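Asks: What follows is target25.cif, made up of mmCIF, C-alpha atoms:
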```cif
data_target
loop_
_atom_site.group_PDB
_atom_site.id
_atom_site.type_symbol
_atom_site.label_atom_id
_atom_site.label_comp_id
_atom_site.auth_asym_id
_atom_site.auth_seq_id
_atom_site.Cartn_x
_atom_site.Cartn_y
_atom_site.Cartn_z
ATOM 1 C CA MET Z 1034 -13.347 -18.041 18.472
ATOM 2 C CA LYS Z 1035 -14.515 -21.583 18.415
ATOM 3 C CA GLY Z 1036 -15.777 -22.735 15.069
ATOM 4 C CA LEU Z 1037 -13.567 -20.452 12.989
ATOM 5 C CA ARG Z 1038 -11.637 -22.446 10.458
ATOM 6 C CA ALA Z 1039 -8.144 -21.672 9.298
ATOM 7 C CA VAL Z 1040 -8.411 -20.258 5.801
ATOM 8 C CA LEU Z 1041 -4.941 -19.307 4.687
ATOM 9 C CA ASP Z 1042 -1.941 -21.424 3.883
ATOM 10 C CA PRO Z 1043 1.072 -20.136 5.815
ATOM 11 C CA ALA Z 1044 3.170 -19.769 2.641
ATOM 12 C CA VAL Z 1045 0.585 -17.378 1.200
ATOM 13 C CA GLY Z 1046 0.342 -15.517 4.512
ATOM 14 C CA ILE Z 1047 4.102 -15.104 4.726
ATOM 15 C CA LEU Z 1048 4.163 -13.950 1.102
ATOM 16 C CA ILE Z 1049 1.586 -11.241 1.859
ATOM 17 C CA ASP Z 1050 3.359 -10.191 5.063
ATOM 18 C CA LEU Z 1051 6.816 -9.961 3.474
ATOM 19 C CA GLY Z 1052 5.573 -8.252 0.320
ATOM 20 C CA GLY Z 1053 3.537 -5.832 2.400
ATOM 21 C CA ALA Z 1054 6.498 -5.136 4.665
ATOM 22 C CA ALA Z 1055 8.664 -4.294 1.659
ATOM 23 C CA LEU Z 1056 5.978 -2.062 0.148
ATOM 24 C CA LEU Z 1057 5.302 -0.158 3.377
ATOM 25 C CA ALA Z 1058 8.998 0.188 4.235
ATOM 26 C CA SER Z 1059 9.658 1.617 0.779
ATOM 27 C CA ALA Z 1060 6.696 4.009 1.084
ATOM 28 C CA ALA Z 1061 7.872 5.155 4.520
ATOM 29 C CA ALA Z 1062 11.435 5.670 3.304
ATOM 30 C CA HIS Z 1063 10.462 7.881 0.380
ATOM 31 C CA LYS Z 1064 8.080 9.937 2.542
ATOM 32 C CA LEU Z 1065 10.805 10.448 5.152
ATOM 33 C CA ARG Z 1066 13.453 11.332 2.528
ATOM 34 C CA ARG Z 1067 11.152 13.879 0.886
ATOM 35 C CA SER Z 1068 9.167 15.026 3.903
ATOM 36 C CA ALA Z 1069 8.520 18.524 2.525
ATOM 37 C CA GLU Z 1070 7.072 17.093 -0.703
ATOM 38 C CA PHE Z 1071 4.945 14.639 1.257
ATOM 39 C CA PHE Z 1072 3.727 17.432 3.539
ATOM 40 C CA ALA Z 1073 2.699 19.456 0.466
ATOM 41 C CA ALA Z 1074 0.882 16.468 -1.048
ATOM 42 C CA LEU Z 1075 -0.930 15.739 2.218
ATOM 43 C CA THR Z 1076 -1.898 19.402 2.594
ATOM 44 C CA ALA Z 1077 -3.322 19.429 -0.937
ATOM 45 C CA TYR Z 1078 -5.623 16.500 -0.126
ATOM 46 C CA ASP Z 1079 -7.441 18.879 2.233
ATOM 47 C CA LEU Z 1080 -8.744 16.093 4.470
ATOM 48 C CA VAL Z 1081 -6.789 16.866 7.628
ATOM 49 C CA PRO Z 1082 -7.368 20.054 9.639
ATOM 50 C CA ALA Z 1083 -4.521 22.491 8.951
ATOM 51 C CA PHE Z 1084 -3.322 22.489 12.563
ATOM 52 C CA MET Z 1085 -2.868 18.680 12.396
ATOM 53 C CA THR Z 1086 -1.270 18.333 8.962
ATOM 54 C CA ARG Z 1087 2.363 18.510 10.147
ATOM 55 C CA ALA Z 1088 1.720 15.859 12.835
ATOM 56 C CA VAL Z 1089 -0.078 13.567 10.389
ATOM 57 C CA ALA Z 1090 2.671 14.050 7.781
ATOM 58 C CA THR Z 1091 5.176 12.931 10.411
ATOM 59 C CA ALA Z 1092 3.042 10.113 11.811
ATOM 60 C CA LEU Z 1093 2.072 8.419 8.536
ATOM 61 C CA PRO Z 1094 5.556 7.358 7.418
ATOM 62 C CA LEU Z 1095 6.430 6.351 10.988
ATOM 63 C CA ALA Z 1096 3.259 4.244 11.100
ATOM 64 C CA GLU Z 1097 4.144 2.682 7.742
ATOM 65 C CA ALA Z 1098 7.626 1.821 9.023
ATOM 66 C CA ALA Z 1099 6.289 0.395 12.293
ATOM 67 C CA ILE Z 1100 3.690 -1.712 10.496
ATOM 68 C CA ALA Z 1101 6.333 -2.924 8.015
ATOM 69 C CA ALA Z 1102 8.540 -4.055 10.905
ATOM 70 C CA ALA Z 1103 5.637 -5.680 12.736
ATOM 71 C CA LEU Z 1104 4.544 -7.612 9.640
ATOM 72 C CA ILE Z 1105 7.690 -9.735 9.866
ATOM 73 C CA VAL Z 1106 7.227 -10.556 13.557
ATOM 74 C CA PRO Z 1107 5.123 -13.738 13.773
ATOM 75 C CA ALA Z 1108 3.707 -12.910 17.213
ATOM 76 C CA VAL Z 1109 2.067 -9.682 15.976
ATOM 77 C CA HIS Z 1110 1.634 -10.238 12.246
ATOM 78 C CA ARG Z 1111 -2.177 -10.442 12.531
ATOM 79 C CA GLU Z 1112 -2.422 -7.091 14.263
ATOM 80 C CA ALA Z 1113 0.072 -5.605 11.805
ATOM 81 C CA SER Z 1114 -1.898 -6.999 8.860
ATOM 82 C CA LEU Z 1115 -5.086 -5.415 10.215
ATOM 83 C CA ALA Z 1116 -3.265 -2.116 10.747
ATOM 84 C CA ALA Z 1117 -1.953 -2.269 7.171
ATOM 85 C CA ALA Z 1118 -5.439 -3.020 5.844
ATOM 86 C CA ILE Z 1119 -6.845 -0.020 7.721
ATOM 87 C CA LEU Z 1120 -4.017 2.221 6.485
ATOM 88 C CA LEU Z 1121 -4.497 1.195 2.837
ATOM 89 C CA PHE Z 1122 -8.258 1.574 3.155
ATOM 90 C CA GLY Z 1123 -7.633 5.081 4.490
ATOM 91 C CA TYR Z 1124 -5.410 5.881 1.516
ATOM 92 C CA ALA Z 1125 -8.120 4.584 -0.847
ATOM 93 C CA PHE Z 1126 -10.685 6.765 0.921
ATOM 94 C CA ALA Z 1127 -8.470 9.865 0.688
ATOM 95 C CA ILE Z 1128 -7.956 9.409 -3.037
ATOM 96 C CA ALA Z 1129 -11.627 8.580 -3.698
ATOM 97 C CA ALA Z 1130 -12.817 11.613 -1.705
ATOM 98 C CA ASN Z 1131 -10.672 13.938 -3.805
ATOM 99 C CA LEU Z 1132 -11.659 12.260 -7.076
ATOM 100 C CA LEU Z 1133 -15.306 12.773 -6.119
ATOM 101 C CA ARG Z 1134 -14.492 16.464 -5.525
ATOM 102 C CA GLY Z 1135 -13.146 16.589 -9.085
ATOM 103 C CA ARG Z 1136 -9.580 17.181 -7.893
ATOM 104 C CA ARG Z 1137 -7.798 14.818 -10.300
ATOM 105 C CA ASP Z 1138 -4.538 16.760 -10.563
ATOM 106 C CA LEU Z 1139 -3.443 16.178 -6.956
ATOM 107 C CA ASP Z 1140 -0.107 14.470 -6.429
ATOM 108 C CA CYS Z 1141 -0.785 11.045 -4.955
ATOM 109 C CA GLY Z 1142 2.257 11.326 -2.689
ATOM 110 C CA CYS Z 1143 3.030 7.709 -3.500
ATOM 111 C CA ALA Z 1144 5.218 7.733 -6.599
ATOM 112 C CA GLY Z 1145 8.595 7.914 -4.924
ATOM 113 C CA PRO Z 1146 11.228 10.566 -4.404
ATOM 114 C CA GLY Z 1147 11.047 13.506 -6.770
ATOM 115 C CA HIS Z 1148 8.329 11.959 -8.895
ATOM 116 C CA ARG Z 1149 4.899 13.537 -9.138
ATOM 117 C CA ARG Z 1150 1.882 11.481 -10.177
ATOM 118 C CA SER Z 1151 -1.732 12.624 -10.335
ATOM 119 C CA ILE Z 1152 -4.335 10.591 -8.476
ATOM 120 C CA GLY Z 1153 -6.628 8.262 -10.399
ATOM 121 C CA ALA Z 1154 -9.415 5.766 -9.814
ATOM 122 C CA TRP Z 1155 -7.000 2.896 -10.415
ATOM 123 C CA MET Z 1156 -5.171 3.920 -7.220
ATOM 124 C CA VAL Z 1157 -8.369 3.505 -5.219
ATOM 125 C CA TRP Z 1158 -8.771 -0.028 -6.585
ATOM 126 C CA ARG Z 1159 -5.086 -0.820 -6.016
ATOM 127 C CA ASN Z 1160 -5.275 0.284 -2.396
ATOM 128 C CA LEU Z 1161 -8.524 -1.613 -1.815
ATOM 129 C CA ALA Z 1162 -6.955 -4.766 -3.301
ATOM 130 C CA LEU Z 1163 -3.913 -4.358 -1.054
ATOM 131 C CA ALA Z 1164 -6.172 -3.760 1.963
ATOM 132 C CA ALA Z 1165 -8.071 -6.957 1.118
ATOM 133 C CA ALA Z 1166 -4.799 -8.908 0.879
ATOM 134 C CA PHE Z 1167 -3.724 -7.605 4.286
ATOM 135 C CA ALA Z 1168 -7.149 -8.470 5.731
ATOM 136 C CA LEU Z 1169 -6.744 -11.987 4.349
ATOM 137 C CA ALA Z 1170 -3.299 -12.254 5.960
ATOM 138 C CA ALA Z 1171 -4.899 -11.330 9.288
ATOM 139 C CA THR Z 1172 -7.143 -14.407 9.193
ATOM 140 C CA ARG Z 1173 -6.233 -17.669 10.860
ATOM 141 C CA TRP Z 1174 -3.579 -19.652 9.055
ATOM 142 C CA ARG Z 1175 -3.543 -23.394 8.686
ATOM 143 C CA THR Z 1176 -1.133 -25.146 10.982
ATOM 144 C CA ARG Z 1177 1.395 -27.233 9.104
ATOM 145 C CA SER Z 1178 5.121 -27.629 8.910
ATOM 146 C CA PHE Z 1179 6.929 -25.181 6.675
ATOM 147 C CA ALA Z 1180 8.902 -27.126 4.063
ATOM 148 C CA ALA Z 1181 11.870 -26.077 1.947
ATOM 149 C CA VAL Z 1182 9.620 -25.869 -1.096
ATOM 150 C CA ASP Z 1183 7.618 -23.217 0.755
ATOM 151 C CA LEU Z 1184 10.709 -20.977 0.765
ATOM 152 C CA LEU Z 1185 10.840 -21.301 -3.015
ATOM 153 C CA THR Z 1186 7.107 -20.577 -3.229
ATOM 154 C CA VAL Z 1187 7.466 -17.442 -1.106
ATOM 155 C CA ALA Z 1188 10.570 -16.215 -2.975
ATOM 156 C CA ALA Z 1189 9.020 -16.801 -6.403
ATOM 157 C CA GLY Z 1190 5.731 -15.321 -5.226
ATOM 158 C CA LEU Z 1191 7.500 -12.188 -3.967
ATOM 159 C CA ALA Z 1192 9.317 -11.786 -7.267
ATOM 160 C CA ALA Z 1193 6.120 -12.303 -9.280
ATOM 161 C CA ALA Z 1194 4.094 -9.979 -7.040
ATOM 162 C CA ALA Z 1195 6.748 -7.246 -7.238
ATOM 163 C CA LEU Z 1196 6.935 -7.481 -11.032
ATOM 164 C CA LEU Z 1197 3.153 -7.429 -11.332
ATOM 165 C CA TYR Z 1198 2.856 -4.477 -8.942
ATOM 166 C CA PHE Z 1199 5.485 -2.451 -10.806
ATOM 167 C CA ALA Z 1200 4.024 -3.365 -14.218
ATOM 168 C CA ILE Z 1201 0.516 -2.269 -13.191
ATOM 169 C CA ASP Z 1202 1.923 0.846 -11.546
ATOM 170 C CA LEU Z 1203 3.857 1.779 -14.680
ATOM 171 C CA LEU Z 1204 0.997 0.979 -17.040
ATOM 172 C CA ALA Z 1205 -1.784 2.678 -15.076
ATOM 173 C CA GLY Z 1206 0.289 5.499 -13.610
ATOM 174 C CA GLU Z 1207 2.580 6.455 -16.489
ATOM 175 C CA ILE Z 1208 1.804 4.868 -19.847
ATOM 176 C CA ALA Z 1209 -2.003 5.097 -19.892
ATOM 177 C CA PRO Z 1210 -2.084 8.806 -18.899
ATOM 178 C CA ARG Z 1211 0.486 9.659 -21.590
ATOM 179 C CA GLY Z 1212 -1.512 7.757 -24.197
ATOM 180 C CA SER Z 1213 -4.665 9.540 -23.142
ATOM 181 C CA ALA Z 1214 -2.929 12.922 -23.344
ATOM 182 C CA MET Z 1215 -1.588 12.100 -26.814
ATOM 183 C CA ARG Z 1216 -5.057 11.099 -28.063
ATOM 184 C CA SER Z 1217 -6.627 14.314 -26.785
ATOM 185 C CA ALA Z 1218 -3.859 16.622 -28.109
ATOM 186 C CA PRO Z 1219 -4.731 18.639 -31.222
#
```
Mind converting the file's structure to C-alpha cells?
Replies:
Amino acid sequence: MKGLRAVLDPAVGILIDLGGAALLASAAAHKLRRSAEFFAALTAYDLVPAFMTRAVATALPLAEAAIAAALIVPAVHREASLAAAILLFGYAFAIAANLLRGRRDLDCGCAGPGHRRSIGAWMVWRNLALAAAFALAATRWRTRSFAAVDLLTVAAGLAAAALLYFAIDLLAGEIAPRGSAMRSAP
C-alpha cells in the first residue's frame, strides 16, 4: 500500500473505536437480554429466510459483542472497524428496504429493552453516518506520540458524542413522531 497517506489523527480514531465499542456492546446487551423481542423484530423485517431467522437472531448480538471487544484491541481495530461499518450498513439496508415496502410500523429492534420504536428514514441516515465513521476509523492513522491532552480530547469527545447521539435519538425517535401525531390528530 505504498503511496497511501495516513489520514486520521489517532485521538479521533480512538474516539471512534471506543464510542463504537460502547454503542455495539450496549446494542448486543439489550438484544441478548430481550432475545425473544429481538427475534420477533427480526422476523418482522422479513429479510431473512424463516429457517435462518433464529440463527441470525442469535448471531447478530454475538457479532456486535465480538466487534465491540475487537474495537478496543489495537492490533485488530482496523478489521473491527470495517466489520462494524459493514454491520451498520446492513442495518441501514434492512431499514431502508422495509421503508421502501411501505412497512413503517416495524419495530426497529434498536430502542433498548422493553421499548418499541417504529423504523424511520432518520435511522437509515444515522446508520450510514455511523458506518462512515467506522470506515474512517479503519483508514491509516498518523503516527505520533499520544499525549496526556489526547486523553482529555478522547474523554470529552466521548461525552459530547454520547450526548449528541442520545439527543438526536430522543428528538428523531420520540419527540418528532409525537409532535407529528399530535398535529394530525382531529
Asks: So what do you get for CA of Ala1170 (chain Z) versus CA of Gly1046 (chain Z), distance-wise?
Replies: 5.1 Å
Asks: Carefully work through the PyMOL selection byres ((chain Z and resi 1079) around 12) for this structure and note down the residues it includes, as a compact mmCIF listing (two decimals) with C-alpha atoms, keeping the file's coordinate frame.
Replies:
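Saved as expr23.txt:
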```txt
# COMPACT_ATOMS: atom_id res chain seq x y z
CA PHE Z 1072 3.73 17.43 3.54
CA ALA Z 1073 2.70 19.46 0.47
CA ALA Z 1074 0.88 16.47 -1.05
CA LEU Z 1075 -0.93 15.74 2.22
CA THR Z 1076 -1.90 19.40 2.59
CA ALA Z 1077 -3.32 19.43 -0.94
CA TYR Z 1078 -5.62 16.50 -0.13
CA LEU Z 1080 -8.74 16.09 4.47
CA VAL Z 1081 -6.79 16.87 7.63
CA PRO Z 1082 -7.37 20.05 9.64
CA ALA Z 1083 -4.52 22.49 8.95
CA PHE Z 1084 -3.32 22.49 12.56
CA MET Z 1085 -2.87 18.68 12.40
CA THR Z 1086 -1.27 18.33 8.96
CA ALA Z 1127 -8.47 9.86 0.69
CA ILE Z 1128 -7.96 9.41 -3.04
CA ALA Z 1130 -12.82 11.61 -1.70
CA ASN Z 1131 -10.67 13.94 -3.80
CA ARG Z 1134 -14.49 16.46 -5.52
CA ARG Z 1136 -9.58 17.18 -7.89
CA LEU Z 1139 -3.44 16.18 -6.96
```
Asks: With distances taken over all atoms listed in the file, which of Z:Cys1143, Z:Ile1047, Z:Leu1093, Z:Leu1104 is nearest to His1063 (chain Z)?
Replies: Z:Cys1143
Asks: Please provide the set of residues having any atom within 9 Å of region 1182-1198 of chain Z, restricted to all atoms listed in the file, with same-chain residues fewer than 5 positions apart removed, written as a PyMOL selection string.
Replies: chain Z and resi 1043-1045+1047-1049+1051-1052+1203
Asks: Counting all atoms listed in the file, which of Z:Ala1069, Z:Phe1126, Z:Ser1114, Z:Ala1171 gets nearest to Arg1159 (chain Z)?
Replies: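 Closest to Arg1159 (chain Z) of all the choices is Z:Phe1126.
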Asks: Any chance you could work out the residue set of the PyMOL selection byres ((chain Z and resi 1120) around 12) here, as a VMD selection string?
Replies: chain Z and resid 1053 1057 1092 to 1094 1096 to 1101 1113 to 1119 1121 to 1127 1160 to 1161 1163 to 1165 1167 to 1168
Asks: For the selection just defined, write its residues with C-alpha atoms to a file, as an mmCIF file, in the frame of the given file.
Replies:
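That gives us part.cif:
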```
data_model
loop_
_atom_site.group_PDB
_atom_site.id
_atom_site.type_symbol
_atom_site.label_atom_id
_atom_site.label_comp_id
_atom_site.auth_asym_id
_atom_site.auth_seq_id
_atom_site.Cartn_x
_atom_site.Cartn_y
_atom_site.Cartn_z
ATOM 1 C CA GLY Z 1053 3.537 -5.832 2.400
ATOM 2 C CA LEU Z 1057 5.302 -0.158 3.377
ATOM 3 C CA ALA Z 1092 3.042 10.113 11.811
ATOM 4 C CA LEU Z 1093 2.072 8.419 8.536
ATOM 5 C CA PRO Z 1094 5.556 7.358 7.418
ATOM 6 C CA ALA Z 1096 3.259 4.244 11.100
ATOM 7 C CA GLU Z 1097 4.144 2.682 7.742
ATOM 8 C CA ALA Z 1098 7.626 1.821 9.023
ATOM 9 C CA ALA Z 1099 6.289 0.395 12.293
ATOM 10 C CA ILE Z 1100 3.690 -1.712 10.496
ATOM 11 C CA ALA Z 1101 6.333 -2.924 8.015
ATOM 12 C CA ALA Z 1113 0.072 -5.605 11.805
ATOM 13 C CA SER Z 1114 -1.898 -6.999 8.860
ATOM 14 C CA LEU Z 1115 -5.086 -5.415 10.215
ATOM 15 C CA ALA Z 1116 -3.265 -2.116 10.747
ATOM 16 C CA ALA Z 1117 -1.953 -2.269 7.171
ATOM 17 C CA ALA Z 1118 -5.439 -3.020 5.844
ATOM 18 C CA ILE Z 1119 -6.845 -0.020 7.721
ATOM 19 C CA LEU Z 1121 -4.497 1.195 2.837
ATOM 20 C CA PHE Z 1122 -8.258 1.574 3.155
ATOM 21 C CA GLY Z 1123 -7.633 5.081 4.490
ATOM 22 C CA TYR Z 1124 -5.410 5.881 1.516
ATOM 23 C CA ALA Z 1125 -8.120 4.584 -0.847
ATOM 24 C CA PHE Z 1126 -10.685 6.765 0.921
ATOM 25 C CA ALA Z 1127 -8.470 9.865 0.688
ATOM 26 C CA ASN Z 1160 -5.275 0.284 -2.396
ATOM 27 C CA LEU Z 1161 -8.524 -1.613 -1.815
ATOM 28 C CA LEU Z 1163 -3.913 -4.358 -1.054
ATOM 29 C CA ALA Z 1164 -6.172 -3.760 1.963
ATOM 30 C CA ALA Z 1165 -8.071 -6.957 1.118
ATOM 31 C CA PHE Z 1167 -3.724 -7.605 4.286
ATOM 32 C CA ALA Z 1168 -7.149 -8.470 5.731
#
```
Asks: Quick check, in Å to one decimal: how far apart do CA of Phe1179 (chain Z) and CA of Ala1058 (chain Z) lie?
Replies: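 CA of Ala1058 (chain Z) lies at a distance of 25.6 Å from CA of Phe1179 (chain Z).
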Asks: Calculate how many Å separate CA of Leu1056 (chain Z) from CA of Ser1068 (chain Z), rounding to one decimal.
Replies: 17.8 Å
Asks: Hey, what comes out of the PyMOL selection byres ((chain Z and resi 1155) around 12) on this file? Could you write it as a PyMOL selection string?
Replies: chain Z and resi 1125+1128-1129+1132+1137+1141+1151-1154+1156-1162+1201-1207+1209-1210
Asks: What does the file look like for those residues with C-alpha atoms, as an mmCIF file, in the coordinates of the input?
Replies:
```cif
data_model
loop_
_atom_site.group_PDB
_atom_site.id
_atom_site.type_symbol
_atom_site.label_atom_id
_atom_site.label_comp_id
_atom_site.auth_asym_id
_atom_site.auth_seq_id
_atom_site.Cartn_x
_atom_site.Cartn_y
_atom_site.Cartn_z
ATOM 1 C CA ALA Z 1125 -8.120 4.584 -0.847
ATOM 2 C CA ILE Z 1128 -7.956 9.409 -3.037
ATOM 3 C CA ALA Z 1129 -11.627 8.580 -3.698
ATOM 4 C CA LEU Z 1132 -11.659 12.260 -7.076
ATOM 5 C CA ARG Z 1137 -7.798 14.818 -10.300
ATOM 6 C CA CYS Z 1141 -0.785 11.045 -4.955
ATOM 7 C CA SER Z 1151 -1.732 12.624 -10.335
ATOM 8 C CA ILE Z 1152 -4.335 10.591 -8.476
ATOM 9 C CA GLY Z 1153 -6.628 8.262 -10.399
ATOM 10 C CA ALA Z 1154 -9.415 5.766 -9.814
ATOM 11 C CA MET Z 1156 -5.171 3.920 -7.220
ATOM 12 C CA VAL Z 1157 -8.369 3.505 -5.219
ATOM 13 C CA TRP Z 1158 -8.771 -0.028 -6.585
ATOM 14 C CA ARG Z 1159 -5.086 -0.820 -6.016
ATOM 15 C CA ASN Z 1160 -5.275 0.284 -2.396
ATOM 16 C CA LEU Z 1161 -8.524 -1.613 -1.815
ATOM 17 C CA ALA Z 1162 -6.955 -4.766 -3.301
ATOM 18 C CA ILE Z 1201 0.516 -2.269 -13.191
ATOM 19 C CA ASP Z 1202 1.923 0.846 -11.546
ATOM 20 C CA LEU Z 1203 3.857 1.779 -14.680
ATOM 21 C CA LEU Z 1204 0.997 0.979 -17.040
ATOM 22 C CA ALA Z 1205 -1.784 2.678 -15.076
ATOM 23 C CA GLY Z 1206 0.289 5.499 -13.610
ATOM 24 C CA GLU Z 1207 2.580 6.455 -16.489
ATOM 25 C CA ALA Z 1209 -2.003 5.097 -19.892
ATOM 26 C CA PRO Z 1210 -2.084 8.806 -18.899
#
```
Asks: Calculated over only C-alpha atoms, which of the candidates Z:Ala1102, Z:Ala1088, Z:Ile1208, Z:Ala1180 has the smallest distance to Asp1050 (chain Z)?
Replies: Z:Ala1102
Asks: Restricting the calculation to all atoms listed in the file, which member of Z:Arg1150, Z:Asp1042, Z:Asp1140, Z:Val1089 is positioned closest to Leu1169 (chain Z)?
Replies: Z:Asp1042
Asks: Using only C-alpha atoms, find the one residue out of Z:Leu1065, Z:Leu1133, Z:Leu1041, Z:Ala1060 that sits nearest to Arg1175 (chain Z).
Replies: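 The answer is Z:Leu1041, which sits nearest to Arg1175 (chain Z).
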Asks: Using only C-alpha atoms, which of Z:Ala1103, Z:Gly1135, Z:Ala1055, Z:His1148 sits nearest Arg1067 (chain Z)?
Replies: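 Checking each candidate against Arg1067 (chain Z), we get Z:His1148 as the closest.
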Asks: Which centre and which edge lengths, in Å to one decimal, describe the axis-aligned box that holds all listed atoms of region 1131-1138 of chain Z after 4 Å is added on each side, as AutoDock Vina command-line options?
Replies:
```
--center_x -9.9 --center_y 14.7 --center_z -7.2 --size_x 18.8 --size_y 12.9 --size_z 14.8
```
